[in-house]
$ cat protein-v1.txt   # compact mmCIF, C-alpha atoms
# COMPACT_ATOMS: atom_id res chain seq x y z
CA MET I 1 -6.28 -21.66 139.99
CA VAL I 2 -3.91 -24.19 138.41
CA LEU I 3 -5.55 -27.27 136.92
CA MET I 4 -3.49 -30.31 135.99
CA ILE I 5 -5.07 -32.99 133.83
CA ASP I 6 -3.07 -36.19 133.95
CA THR I 7 -3.71 -38.89 131.34
CA THR I 8 -0.33 -40.64 131.71
CA THR I 9 -0.10 -44.36 132.40
CA GLU I 10 2.53 -43.72 135.10
CA HIS I 11 0.38 -41.03 136.80
CA ILE I 12 3.24 -38.55 136.86
CA GLY I 13 0.86 -35.75 137.85
CA LYS I 14 1.06 -36.87 141.47
CA GLY I 15 4.79 -36.13 141.61
CA ILE I 16 4.29 -32.75 139.97
CA ALA I 17 1.59 -31.83 142.48
CA GLU I 18 3.98 -32.82 145.31
CA GLU I 19 6.70 -30.70 143.74
CA LEU I 20 4.32 -27.76 143.62
CA THR I 21 3.36 -28.22 147.28
CA ARG I 22 7.05 -28.57 148.29
CA SER I 23 7.99 -25.37 146.49
CA GLY I 24 6.65 -23.52 149.50
CA GLU I 25 4.40 -21.09 147.71
CA SER I 26 1.42 -22.86 149.15
CA ALA I 27 -0.77 -19.91 148.28
CA VAL I 28 -1.14 -21.36 144.79
CA GLY I 29 -4.44 -23.15 144.55
CA PHE I 30 -4.26 -26.19 142.35
CA GLU I 31 -6.22 -29.26 141.45
CA LEU I 32 -5.02 -32.49 139.91
CA VAL I 33 -7.42 -34.52 137.79
CA ASP I 34 -6.20 -38.02 137.00
CA THR I 35 -8.35 -39.39 134.20
CA THR I 36 -7.59 -43.04 134.94
CA GLY I 37 -10.81 -44.99 135.12
CA MET I 38 -12.85 -42.10 133.77
CA ASN I 39 -15.11 -42.54 130.81
CA ILE I 40 -14.11 -39.78 128.37
CA SER I 41 -15.24 -40.10 124.77
CA HIS I 42 -13.61 -38.52 121.72
CA CYS I 43 -15.33 -35.52 120.09
CA VAL I 44 -17.74 -36.82 117.45
CA GLY I 45 -17.88 -33.52 115.55
CA CYS I 46 -21.66 -33.18 115.77
CA ASN I 47 -21.40 -29.38 116.24
CA TYR I 48 -24.36 -29.51 118.63
CA CYS I 49 -22.38 -27.52 121.25
CA TRP I 50 -22.39 -24.66 118.72
CA LEU I 51 -25.72 -25.07 116.97
CA LYS I 52 -28.25 -27.19 118.87
CA THR I 53 -27.46 -26.94 122.60
CA PRO I 54 -25.02 -23.98 122.67
CA GLY I 55 -22.28 -24.49 125.27
CA VAL I 56 -23.37 -28.02 126.16
CA CYS I 57 -21.73 -31.19 124.83
CA THR I 58 -24.23 -33.78 123.71
CA ILE I 59 -22.11 -36.68 125.00
CA SER I 60 -22.94 -37.52 128.60
CA ASP I 61 -19.82 -39.01 130.15
CA ASP I 62 -17.22 -37.91 132.71
CA TYR I 63 -15.98 -34.93 130.68
CA GLU I 64 -18.25 -32.03 131.62
CA PRO I 65 -16.92 -31.52 135.18
CA ILE I 66 -13.41 -31.31 133.68
CA LEU I 67 -14.53 -28.75 131.12
CA ARG I 68 -16.10 -26.59 133.84
CA LYS I 69 -12.84 -26.72 135.78
CA MET I 70 -10.87 -25.78 132.66
CA SER I 71 -13.23 -22.89 132.02
CA ASN I 72 -12.58 -21.49 135.50
CA ALA I 73 -8.85 -22.20 135.74
CA ASP I 74 -6.12 -19.62 135.11
CA GLN I 75 -3.73 -22.32 133.95
CA VAL I 76 -4.43 -25.73 132.46
CA TRP I 77 -1.50 -28.15 132.34
CA LEU I 78 -1.95 -31.17 130.09
CA ILE I 79 0.15 -33.99 131.50
CA SER I 80 0.48 -36.48 128.70
CA ASP I 81 2.33 -39.48 127.34
CA THR I 82 3.58 -38.98 123.79
CA HIS I 83 3.19 -40.93 120.58
CA PHE I 84 4.41 -39.89 117.11
CA GLY I 85 6.17 -37.08 119.03
CA PHE I 86 2.73 -35.67 119.88
CA VAL I 87 0.37 -35.88 122.87
CA SER I 88 -1.52 -39.14 123.35
CA TRP I 89 -5.01 -39.62 121.95
CA GLN I 90 -6.33 -39.53 125.51
CA THR I 91 -5.04 -35.96 125.91
CA LYS I 92 -6.09 -34.96 122.39
CA ASN I 93 -9.65 -36.11 123.14
CA ILE I 94 -9.74 -33.79 126.17
CA VAL I 95 -8.57 -30.87 124.03
CA ASP I 96 -10.86 -31.66 121.08
CA ARG I 97 -13.82 -31.38 123.41
CA ILE I 98 -13.19 -27.80 124.59
CA MET I 99 -15.45 -26.60 121.76
CA PRO I 100 -18.38 -25.67 124.06
CA LEU I 101 -16.12 -22.85 125.35
CA VAL I 102 -16.32 -21.10 121.99
CA THR I 103 -19.38 -20.03 120.04
CA MET I 104 -20.35 -20.51 116.42
CA TYR I 105 -19.82 -16.79 115.81
CA LEU I 106 -16.64 -15.73 114.05
CA LYS I 107 -14.39 -12.67 113.99
CA PHE I 108 -10.98 -11.69 112.70
CA LYS I 109 -8.23 -11.41 115.28
CA ASP I 110 -4.63 -10.57 114.35
CA GLY I 111 -5.44 -11.24 110.71
CA GLN I 112 -6.94 -14.69 111.21
CA MET I 113 -10.46 -15.93 111.66
CA ARG I 114 -11.31 -17.00 115.21
CA HIS I 115 -14.38 -18.10 117.09
CA VAL I 116 -16.00 -15.63 119.47
CA MET I 117 -15.54 -16.88 123.05
CA ARG I 118 -18.58 -17.94 125.08
CA TYR I 119 -17.09 -16.76 128.39
CA ASP I 120 -14.96 -13.79 129.44
CA HIS I 121 -12.26 -15.92 131.00
CA GLN I 122 -10.15 -18.64 129.39
CA PRO I 123 -7.09 -20.50 130.76
CA ASP I 124 -3.52 -20.39 129.49
CA ILE I 125 -2.32 -23.83 128.44
CA GLY I 126 0.90 -25.74 129.13
CA ILE I 127 2.14 -29.26 128.48
CA ILE I 128 4.24 -31.65 130.56
CA TYR I 129 5.06 -34.84 128.67
CA THR I 130 6.67 -38.23 129.10
CA GLY I 131 8.61 -40.12 126.43
CA ASP I 132 10.03 -39.00 123.13
CA GLY I 133 8.01 -35.84 122.48
CA ASP I 134 8.81 -33.58 119.54
CA GLN I 135 9.56 -30.49 121.66
CA ALA I 136 9.42 -27.96 118.79
CA TYR I 137 6.19 -29.35 117.42
CA LEU I 138 4.52 -29.56 120.82
CA GLU I 139 5.44 -25.89 121.44
CA ARG I 140 3.94 -24.90 118.12
CA TRP I 141 0.78 -26.90 118.74
CA CYS I 142 0.36 -25.55 122.28
CA GLN I 143 0.69 -21.97 121.04
CA ARG I 144 -1.84 -22.53 118.28
CA THR I 145 -4.27 -24.27 120.65
CA ALA I 146 -4.08 -21.38 123.11
CA LEU I 147 -4.64 -18.94 120.24
CA ASN I 148 -7.97 -20.66 119.56
CA ILE I 149 -9.25 -19.61 122.98
CA GLY I 150 -7.54 -16.22 122.94
CA THR I 151 -4.87 -17.08 125.51
CA ARG I 152 -1.18 -17.99 125.51
CA SER I 153 1.00 -21.04 125.87
CA LEU I 154 2.68 -21.54 129.25
CA GLY I 155 5.35 -23.64 127.61
CA VAL I 156 6.10 -27.30 126.98
CA PHE I 157 8.24 -29.33 129.40
CA SER I 158 9.46 -32.90 129.44
CA GLU I 159 8.95 -34.82 132.65
CA SER I 160 12.64 -34.41 133.48
CA SER I 161 12.27 -30.61 133.55
CA LYS I 162 9.10 -30.62 135.61
CA LYS I 163 10.70 -28.24 138.12
CA GLU I 164 10.76 -25.55 135.45
CA ALA I 165 7.11 -26.25 134.70
CA VAL I 166 6.26 -25.95 138.38
CA SER I 167 8.07 -22.59 138.55
CA CYS I 168 5.66 -21.39 135.81
CA MET I 169 2.71 -22.32 138.02
CA LEU I 170 3.76 -20.09 140.92
CA MET U 1 -3.10 -47.02 90.46
CA HIS U 2 -5.26 -48.41 93.26
CA VAL U 3 -5.86 -46.15 96.27
CA VAL U 4 -7.03 -47.11 99.74
CA ILE U 5 -8.93 -44.04 100.96
CA ILE U 6 -9.53 -43.79 104.71
CA ASN U 7 -11.97 -41.20 106.02
CA GLY U 8 -10.36 -40.10 109.30
CA SER U 9 -13.36 -38.09 110.52
CA PRO U 10 -15.02 -39.09 113.81
CA ARG U 11 -18.37 -37.82 112.52
CA VAL U 12 -20.84 -40.44 111.31
CA GLN U 13 -20.40 -40.97 107.58
CA LYS U 14 -23.84 -39.71 106.65
CA TYR U 15 -23.07 -36.19 107.90
CA SER U 16 -19.34 -36.20 107.20
CA ASN U 17 -18.05 -33.30 105.09
CA THR U 18 -14.88 -35.32 104.52
CA GLU U 19 -17.03 -38.10 103.03
CA LYS U 20 -18.47 -35.68 100.43
CA ILE U 21 -14.98 -34.47 99.60
CA ILE U 22 -13.77 -38.06 99.18
CA ALA U 23 -16.66 -38.79 96.80
CA ALA U 24 -15.63 -35.92 94.50
CA PHE U 25 -11.93 -36.81 94.77
CA ALA U 26 -12.63 -40.48 93.96
CA LYS U 27 -14.62 -39.46 90.90
CA GLY U 28 -11.47 -37.72 89.67
CA LEU U 29 -9.44 -40.88 90.28
CA SER U 30 -11.94 -42.90 88.20
CA GLU U 31 -11.84 -40.35 85.39
CA LYS U 32 -8.14 -41.10 85.03
CA GLY U 33 -8.55 -44.88 85.21
CA ALA U 34 -7.43 -45.31 88.82
CA THR U 35 -9.39 -47.53 91.19
CA PHE U 36 -10.07 -47.11 94.91
CA GLU U 37 -11.63 -48.59 98.02
CA THR U 38 -12.96 -46.42 100.85
CA TYR U 39 -13.20 -46.85 104.61
CA ALA U 40 -14.26 -44.68 107.55
CA ILE U 41 -12.83 -44.84 111.07
CA SER U 42 -15.97 -43.36 112.67
CA ASP U 43 -17.24 -46.92 113.12
CA ARG U 44 -14.76 -48.69 115.43
CA LYS U 45 -16.15 -52.09 114.47
CA THR U 46 -14.46 -51.73 111.06
CA TRP U 47 -10.96 -50.88 112.39
CA ASP U 48 -9.61 -54.42 111.87
CA ILE U 49 -10.74 -54.36 108.24
CA ILE U 50 -9.22 -50.90 107.66
CA ARG U 51 -5.92 -51.91 109.28
CA ASP U 52 -5.84 -55.01 107.07
CA ALA U 53 -6.25 -52.84 103.94
CA TYR U 54 -3.49 -50.52 105.22
CA ILE U 55 -1.16 -53.50 105.68
CA LYS U 56 -1.90 -55.18 102.34
CA LYS U 57 -2.03 -52.18 99.97
CA ASP U 58 0.72 -49.68 99.26
CA GLU U 59 -1.09 -46.50 98.13
CA ILE U 60 -2.89 -45.04 101.13
CA LEU U 61 -4.72 -41.72 101.40
CA ILE U 62 -6.10 -40.52 104.70
CA ALA U 63 -8.65 -37.71 104.36
CA LEU U 64 -9.37 -35.88 107.61
CA PRO U 65 -10.88 -32.81 109.20
CA LEU U 66 -8.65 -30.54 111.30
CA TYR U 67 -9.51 -30.87 115.02
CA VAL U 68 -7.86 -28.27 117.28
CA GLU U 69 -4.80 -27.68 115.10
CA CYS U 70 -4.07 -31.36 114.46
CA VAL U 71 -5.48 -34.85 113.93
CA PRO U 72 -8.80 -35.74 115.64
CA GLY U 73 -8.32 -37.77 118.85
CA LEU U 74 -10.14 -40.76 117.40
CA LEU U 75 -7.87 -40.87 114.34
CA LEU U 76 -4.83 -40.57 116.61
CA GLU U 77 -6.09 -43.60 118.51
CA PHE U 78 -6.54 -45.55 115.26
CA LEU U 79 -3.07 -44.56 114.01
CA GLU U 80 -1.53 -45.97 117.18
CA THR U 81 -2.86 -49.40 116.17
CA LEU U 82 -1.03 -49.43 112.82
CA PRO U 83 2.11 -51.54 112.47
CA ARG U 84 5.32 -50.14 110.95
CA LYS U 85 5.66 -50.95 107.24
CA ASP U 86 8.30 -50.17 104.63
CA GLU U 87 9.21 -47.69 101.90
CA GLN U 88 7.02 -49.53 99.37
CA THR U 89 4.00 -47.95 101.02
CA ARG U 90 3.15 -44.34 100.28
CA LEU U 91 0.95 -42.42 102.71
CA SER U 92 -0.70 -39.17 101.56
CA PHE U 93 -3.17 -36.88 103.28
CA LEU U 94 -6.10 -34.66 102.44
CA LEU U 95 -6.53 -32.18 105.31
CA GLN U 96 -9.68 -30.08 105.34
CA SER U 97 -11.07 -27.55 107.81
CA GLY U 98 -13.87 -25.14 108.54
CA PHE U 99 -11.68 -22.04 108.81
CA ALA U 100 -10.98 -20.80 105.30
CA GLU U 101 -7.39 -19.51 105.32
CA GLY U 102 -4.42 -21.76 104.56
CA CYS U 103 -2.55 -20.55 107.66
CA GLN U 104 -5.12 -22.28 109.86
CA LEU U 105 -4.11 -25.75 108.62
CA ARG U 106 -0.31 -25.51 108.67
CA CYS U 107 0.15 -26.80 112.21
CA GLY U 108 -1.90 -29.90 111.34
CA GLU U 109 -0.01 -30.32 108.06
CA ALA U 110 3.32 -30.18 109.94
CA PHE U 111 2.24 -33.17 112.06
CA LEU U 112 1.13 -35.14 108.99
CA GLU U 113 4.44 -34.41 107.22
CA LYS U 114 6.32 -36.18 110.00
CA LEU U 115 3.84 -38.99 110.63
CA PRO U 116 4.94 -41.33 107.77
CA LYS U 117 8.46 -41.49 109.24
CA TYR U 118 7.05 -42.80 112.53
CA LEU U 119 5.10 -45.45 110.59
CA ASN U 120 8.17 -46.20 108.46
CA VAL U 121 6.39 -45.43 105.18
CA ARG U 122 6.95 -42.87 102.40
CA TYR U 123 5.23 -39.44 102.50
CA GLY U 124 3.05 -38.64 99.48
CA GLY U 125 2.24 -35.04 100.38
CA CYS U 126 -0.74 -33.31 101.93
CA LEU U 127 -3.55 -31.54 100.12
CA VAL U 128 -4.65 -28.64 102.31
CA LYS U 129 -8.00 -26.88 101.98
CA GLY U 130 -10.24 -24.94 104.31
CA ASP U 131 -13.69 -23.36 104.03
CA ASN U 132 -15.63 -26.62 104.25
CA PHE U 133 -17.77 -26.04 107.34
CA GLY U 134 -20.92 -25.37 105.39
CA ILE U 135 -20.96 -28.53 103.24
CA ARG U 136 -23.14 -30.35 105.74
CA ILE U 137 -25.93 -27.80 105.73
CA LEU U 138 -26.21 -27.54 101.92
CA ASP U 139 -28.61 -29.54 99.78
CA GLU U 140 -27.22 -32.33 97.60
CA GLU U 141 -26.93 -30.22 94.46
CA LYS U 142 -25.01 -27.47 96.24
CA GLN U 143 -22.81 -30.06 97.97
CA ALA U 144 -21.82 -31.45 94.56
CA GLN U 145 -21.08 -27.93 93.40
CA VAL U 146 -18.79 -26.93 96.28
CA THR U 147 -16.91 -30.25 96.34
CA ARG U 148 -16.39 -30.38 92.56
CA PRO U 149 -12.89 -28.80 92.70
CA TYR U 150 -11.70 -31.90 94.60
CA GLN U 151 -12.42 -33.97 91.49
CA ALA U 152 -9.58 -32.20 89.66
CA MET U 153 -7.31 -33.04 92.60
CA GLY U 154 -8.30 -36.72 92.26
CA GLU U 155 -7.35 -36.56 88.59
CA LEU U 156 -4.03 -34.97 89.50
CA PHE U 157 -3.33 -37.59 92.19
CA ALA U 158 -3.97 -40.38 89.65
CA GLU U 159 -0.99 -39.11 87.68
CA GLY U 160 1.24 -40.48 90.40
CA ASP U 161 3.08 -37.53 91.96
CA GLY U 162 1.10 -37.46 95.19
CA PHE U 163 0.33 -33.90 96.25
CA PHE U 164 3.73 -32.47 95.44
CA ARG U 165 2.76 -30.72 92.20
CA GLU U 166 2.25 -26.98 92.00
CA GLU U 167 -1.50 -27.40 91.27
CA ALA U 168 -1.95 -29.18 94.60
CA LYS U 169 -0.10 -26.44 96.49
CA LYS U 170 -2.19 -23.71 94.82
CA PHE U 171 -5.40 -25.55 95.70
CA THR U 172 -5.19 -24.25 99.28
CA GLY U 173 -6.04 -20.70 98.21
CA PRO U 174 -4.97 -17.64 100.20
CA GLU U 175 -2.77 -18.12 103.27
CA TYR U 176 -4.33 -15.01 104.87
CA PHE U 177 -7.16 -12.81 103.64
CA PRO U 178 -5.94 -9.33 102.67
CA PHE U 179 -7.09 -6.54 104.98
CA PRO U 180 -9.82 -5.07 102.69
CA ILE U 181 -11.37 -8.51 102.32
CA ARG U 182 -11.23 -9.10 106.08
CA LEU U 183 -12.92 -5.76 106.62
CA MET U 184 -15.63 -6.59 104.10
CA MET U 185 -16.18 -10.09 105.51
CA GLY U 186 -16.36 -8.63 109.01
CA LEU U 187 -19.04 -6.19 107.95
CA ILE U 188 -21.03 -8.80 106.06
CA PHE U 189 -20.58 -11.46 108.70
CA LYS U 190 -21.98 -9.50 111.59
CA PRO U 191 -25.59 -9.46 110.36
CA LEU U 192 -25.65 -12.10 107.61
CA GLY U 193 -23.36 -14.79 109.03
CA LYS U 194 -25.10 -14.70 112.37
CA LYS U 195 -28.44 -15.03 110.65
CA ILE U 196 -27.26 -18.07 108.64
CA PHE U 197 -26.00 -19.82 111.78
CA GLN U 198 -29.12 -18.91 113.75
CA LYS U 199 -31.26 -20.38 110.97
CA ALA U 200 -29.19 -23.58 110.89
CA ALA U 201 -29.51 -23.79 114.69
CA ALA U 202 -33.28 -23.27 114.61
CA SER U 203 -33.61 -26.09 112.09
CA LEU U 204 -31.83 -28.36 114.60
CA GLY U 205 -34.34 -27.35 117.27
CA CYS U 206 -32.19 -24.81 119.11
CA ARG U 207 -34.28 -22.44 121.24
CA VAL U 208 -31.58 -20.36 122.97
CA PRO U 209 -29.08 -17.75 121.72
CA LEU U 210 -25.95 -19.27 120.17
CA ASP U 211 -23.78 -17.32 122.63
CA GLU U 212 -25.73 -18.55 125.65
CA ARG U 213 -23.64 -18.93 128.81
CA VAL U 214 -24.19 -22.20 130.58
CA TRP U 215 -22.19 -21.35 133.68
CA GLU U 216 -20.54 -18.34 135.28
CA THR U 217 -16.78 -18.39 135.16
CA GLY U 218 -14.67 -17.39 138.14
CA ARG U 219 -13.39 -14.31 136.34
CA ASN U 220 -16.68 -12.80 135.21

$ encode --input "protein-v1.txt" --output "structure tokens"
Amino acid sequence: MVLMIDTTTEHIGKGIAEELTRSGESAVGFELVDTTGMNISHCVGCNYCWLKTPGVCTISDDYEPILRKMSNADQVWLISDTHFGFVSWQTKNIVDRIMPLVTMYLKFKDGQMRHVMRYDHQPDIGIIYTGDGDQAYLERWCQRTALNIGTRSLGVFSESSKKEAVSCML
Amino acid sequence: MHVVIINGSPRVQKYSNTEKIIAAFAKGLSEKGATFETYAISDRKTWDIIRDAYIKKDEILIALPLYVECVPGLLLEFLETLPRKDEQTRLSFLLQSGFAEGCQLRCGEAFLEKLPKYLNVRYGGCLVKGDNFGIRILDEEKQAQVTRPYQAMGELFAEGDGFFREEAKKFTGPEYFPFPIRLMMGLIFKPLGKKIFQKAAASLGCRVPLDERVWETGRN
């Protein structure tokens, strides 16, 4: 399943979903979540999802259904505006709060310390961005973020090359 | 030198590891005759006051925890409210994380290196240091002990070269742990590390295993 999480002010996710439908490979199951109007807090760093209520975020807002979808998806596409060449704070908040997917336990993987995953399945991660994104940095960050959940980056695409992004979803 | 220190952690100040690090760092500044004022972005109500200090003063240090390879979302939101300034202002960073190896913080550091250009201010360098996860669960005496090295970095910063000196670069420690050390840590961690975390969890009232699964994923 392909999950798209759209935090952009122009709601560009809608057009990407249409592009995906148009591409003909309708067998691809996808879901578009537009976060407009949702109440999604930032991560407060309480560590409760590791130490007090393992796997459960202590903040009760509109985030948990999104996290469950992310946990089950094969691909998660972050559709984001950019600022300072990076994803918006709205998108960063969504990523900061994936911590319930990993446990407090640690291990070495490929020479670096990593958290032990809570579940067997994690999604690959891609980015589609609007504005003046720092392509090289976003690619680096996406790869590192995927590494944290033991998966890989699907790539980083500006809105103008959304067709390429869609071809990665098929 | 007068330094405006901004704690960029979203965690409430009382439990903030970054706050403890700032305290040790600021002690080092004082030792060398520098003065400072501190703020914390965790309380949104103070954002106008912090922004005002950022605008009026020209030596700014943002101390922050690494959140998923970069700046915490809340700090990113605060940064978007800052106006562009000029070259008179120098912006430096103290980036800390739970993971111990230097390699874990480089992606975050790379963002911070470029950030001053977007804000039209001068970059004063970034002090990078991991292995801080445990600060919160230590008693006060132990906290003072593990944060003490940051005092020397405060003294160094007061000399005026930001974090560009060799001592600041060395402060990070190893980029990767050598294989024998990884092997040893792996062996020790399995029983001991788990026990430490389980004990910390029990003290918070946790009654389930730390690797508890809350839902079944589609791929199980």

$ closest_residue --input "protein-v1.txt" --among "I:Lys92, I:Ile5, I:Gly29, I:Met99" --to "Ile66 of chain I" --atoms "all atoms listed in the file"
I:Ile5

$ residues_around --input "protein-v1.txt" --residues "segment 55-59 of chain I" --least-positions-apart "2" --cutoff "10 Å" --atoms "only C-alpha atoms" --output "MDAnalysis selection string"
(chainID I and resid 40:44 46:53 61:64 67 97:104 118:119) or (chainID U and resid 210:215)

$ residues_around --input "protein-v1.txt" --residues "segment 77-89 of chain I" --least-positions-apart "5" --cutoff "8 Å" --atoms "all atoms listed in the file" --output "number ranges by chain"
I: 2-9, 12-13, 125-135, 137-138; U: 73-74, 76-77, 80, 115, 118

$ write_last_selection --input "protein-v1.txt" --atoms "C-alpha atoms" --output "tab-separated table (two decimals), in the coordinates of the input"
chain	number	residue	atom	x	y	z
I	2	VAL	CA	-3.91	-24.19	138.41
I	3	LEU	CA	-5.55	-27.27	136.92
I	4	MET	CA	-3.49	-30.31	135.99
I	5	ILE	CA	-5.07	-32.99	133.83
I	6	ASP	CA	-3.07	-36.19	133.95
I	7	THR	CA	-3.71	-38.89	131.34
I	8	THR	CA	-0.33	-40.64	131.71
I	9	THR	CA	-0.10	-44.36	132.40
I	12	ILE	CA	3.24	-38.55	136.86
I	13	GLY	CA	0.86	-35.75	137.85
I	125	ILE	CA	-2.32	-23.83	128.44
I	126	GLY	CA	0.90	-25.74	129.13
I	127	ILE	CA	2.14	-29.26	128.48
I	128	ILE	CA	4.24	-31.65	130.56
I	129	TYR	CA	5.06	-34.84	128.67
I	130	THR	CA	6.67	-38.23	129.10
I	131	GLY	CA	8.61	-40.12	126.43
I	132	ASP	CA	10.03	-39.00	123.13
I	133	GLY	CA	8.01	-35.84	122.48
I	134	ASP	CA	8.81	-33.58	119.54
I	135	GLN	CA	9.56	-30.49	121.66
I	137	TYR	CA	6.19	-29.35	117.42
I	138	LEU	CA	4.52	-29.56	120.82
U	73	GLY	CA	-8.32	-37.77	118.85
U	74	LEU	CA	-10.14	-40.76	117.40
U	76	LEU	CA	-4.83	-40.57	116.61
U	77	GLU	CA	-6.09	-43.60	118.51
U	80	GLU	CA	-1.53	-45.97	117.18
U	115	LEU	CA	3.84	-38.99	110.63
U	118	TYR	CA	7.05	-42.80	112.53

$ axis_aligned_box --input "protein-v1.txt" --around "segment 159-165 of chain U" --padding-each-side "5 Å" --output "JSON"
{"center_x": 1.4, "center_y": -35.6, "center_z": 92.0, "size_x": 14.7, "size_y": 19.8, "size_z": 18.6}

$ closest_residue --input "protein-v1.txt" --among "U:Ala26, U:Thr217, U:Leu192, U:Leu79" --to "Met70 of chain I" --atoms "all atoms listed in the file"
U:Thr217

$ atom_distance --input "protein-v1.txt" --atom1 "atom CA of Ser167 of chain I" --atom2 "atom CA of Thr151 of chain I"
19.2 Å

$ closest_residue --input "protein-v1.txt" --among "U:Val128, U:Ala144, U:Ala110, U:Ala168" --to "chain I" --atoms "all atoms listed in the file"
U:Ala110

$ residues_around --input "protein-v1.txt" --residues "Glu87 of chain U" --least-positions-apart "4" --cutoff "9 Å" --atoms "only C-alpha atoms" --output "number ranges by chain"
U: 120-122

$ closest_residue --input "protein-v1.txt" --among "U:Ala23, U:Cys206, U:Cys70, U:Leu187" --to "chain I" --atoms "all atoms listed in the file"
U:Cys206

$ closest_residue --input "protein-v1.txt" --among "I:Arg140, I:Ser153, I:Asn148, I:Asn72" --to "Asp120 of chain I" --atoms "all atoms listed in the file"
I:Asn72

$ closest_residue --input "protein-v1.txt" --among "I:Ser160, I:Ser60, I:Asn93, I:Gln143" --to "chain U" --atoms "all atoms listed in the file"
I:Asn93

$ atom_distance --input "protein-v1.txt" --atom1 "atom CA of Gly162 of chain U" --atom2 "atom CA of Ala34 of chain U"
13.2 Å

$ residues_around --input "protein-v1.txt" --residues "Thr38 of chain U" --least-positions-apart "2" --cutoff "12 Å" --atoms "only C-alpha atoms" --output "ChimeraX atom specification"
/U:2-8,13,18-19,22-23,25-26,35-36,40-41,46,49-50,53-54,60-63

$ atom_distance --input "protein-v1.txt" --atom1 "atom CA of Leu112 of chain U" --atom2 "atom CA of Gly124 of chain U"
10.3 Å

$ residues_around --input "protein-v1.txt" --residues "Lys169 of chain U" --least-positions-apart "5" --cutoff "9 Å" --atoms "all atoms listed in the file" --output "PyMOL selection string"
chain U and resi 126-128+163-164

$ residues_near_point --input "protein-v1.txt" --point "(-7.5, -51.3, 115.6)" --cutoff "6 Å" --atoms "all atoms listed in the file" --output "JSON, numbers by chain"
{"U": [47, 48, 78, 81]}

$ build_atoms --input "protein-v1.txt" --residues "segment 141-155 of chain U" --atoms "N, CA and C atoms" --output "compact mmCIF listing (two decimals), keeping the file's coordinate frame"
# COMPACT_ATOMS: atom_id res chain seq x y z
N GLU U 141 -27.42 -30.88 95.69
CA GLU U 141 -26.93 -30.22 94.46
C GLU U 141 -25.81 -29.24 94.78
N LYS U 142 -26.03 -28.44 95.81
CA LYS U 142 -25.01 -27.47 96.24
C LYS U 142 -23.75 -28.17 96.76
N GLN U 143 -23.96 -29.29 97.46
CA GLN U 143 -22.81 -30.06 97.97
C GLN U 143 -21.92 -30.49 96.81
N ALA U 144 -22.56 -30.99 95.74
CA ALA U 144 -21.82 -31.45 94.56
C ALA U 144 -21.05 -30.28 93.96
N GLN U 145 -21.69 -29.13 93.98
CA GLN U 145 -21.08 -27.93 93.40
C GLN U 145 -19.83 -27.48 94.17
N VAL U 146 -19.94 -27.44 95.50
CA VAL U 146 -18.79 -26.93 96.28
C VAL U 146 -17.66 -27.96 96.40
N THR U 147 -17.99 -29.25 96.24
CA THR U 147 -16.91 -30.25 96.34
C THR U 147 -16.29 -30.58 94.98
N ARG U 148 -16.88 -30.05 93.90
CA ARG U 148 -16.39 -30.38 92.56
C ARG U 148 -14.88 -30.13 92.37
N PRO U 149 -14.33 -29.03 92.91
CA PRO U 149 -12.89 -28.80 92.70
C PRO U 149 -12.01 -29.98 93.16
N TYR U 150 -12.50 -30.76 94.12
CA TYR U 150 -11.70 -31.90 94.60
C TYR U 150 -11.57 -32.99 93.53
N GLN U 151 -12.50 -32.99 92.58
CA GLN U 151 -12.42 -33.97 91.49
C GLN U 151 -11.13 -33.77 90.70
N ALA U 152 -10.81 -32.50 90.40
CA ALA U 152 -9.58 -32.20 89.66
C ALA U 152 -8.35 -32.67 90.44
N MET U 153 -8.44 -32.59 91.78
CA MET U 153 -7.31 -33.04 92.60
C MET U 153 -7.19 -34.57 92.56
N GLY U 154 -8.32 -35.27 92.43
CA GLY U 154 -8.30 -36.72 92.26
C GLY U 154 -7.63 -37.09 90.94
N GLU U 155 -7.96 -36.32 89.91
CA GLU U 155 -7.35 -36.56 88.59
C GLU U 155 -5.84 -36.35 88.66
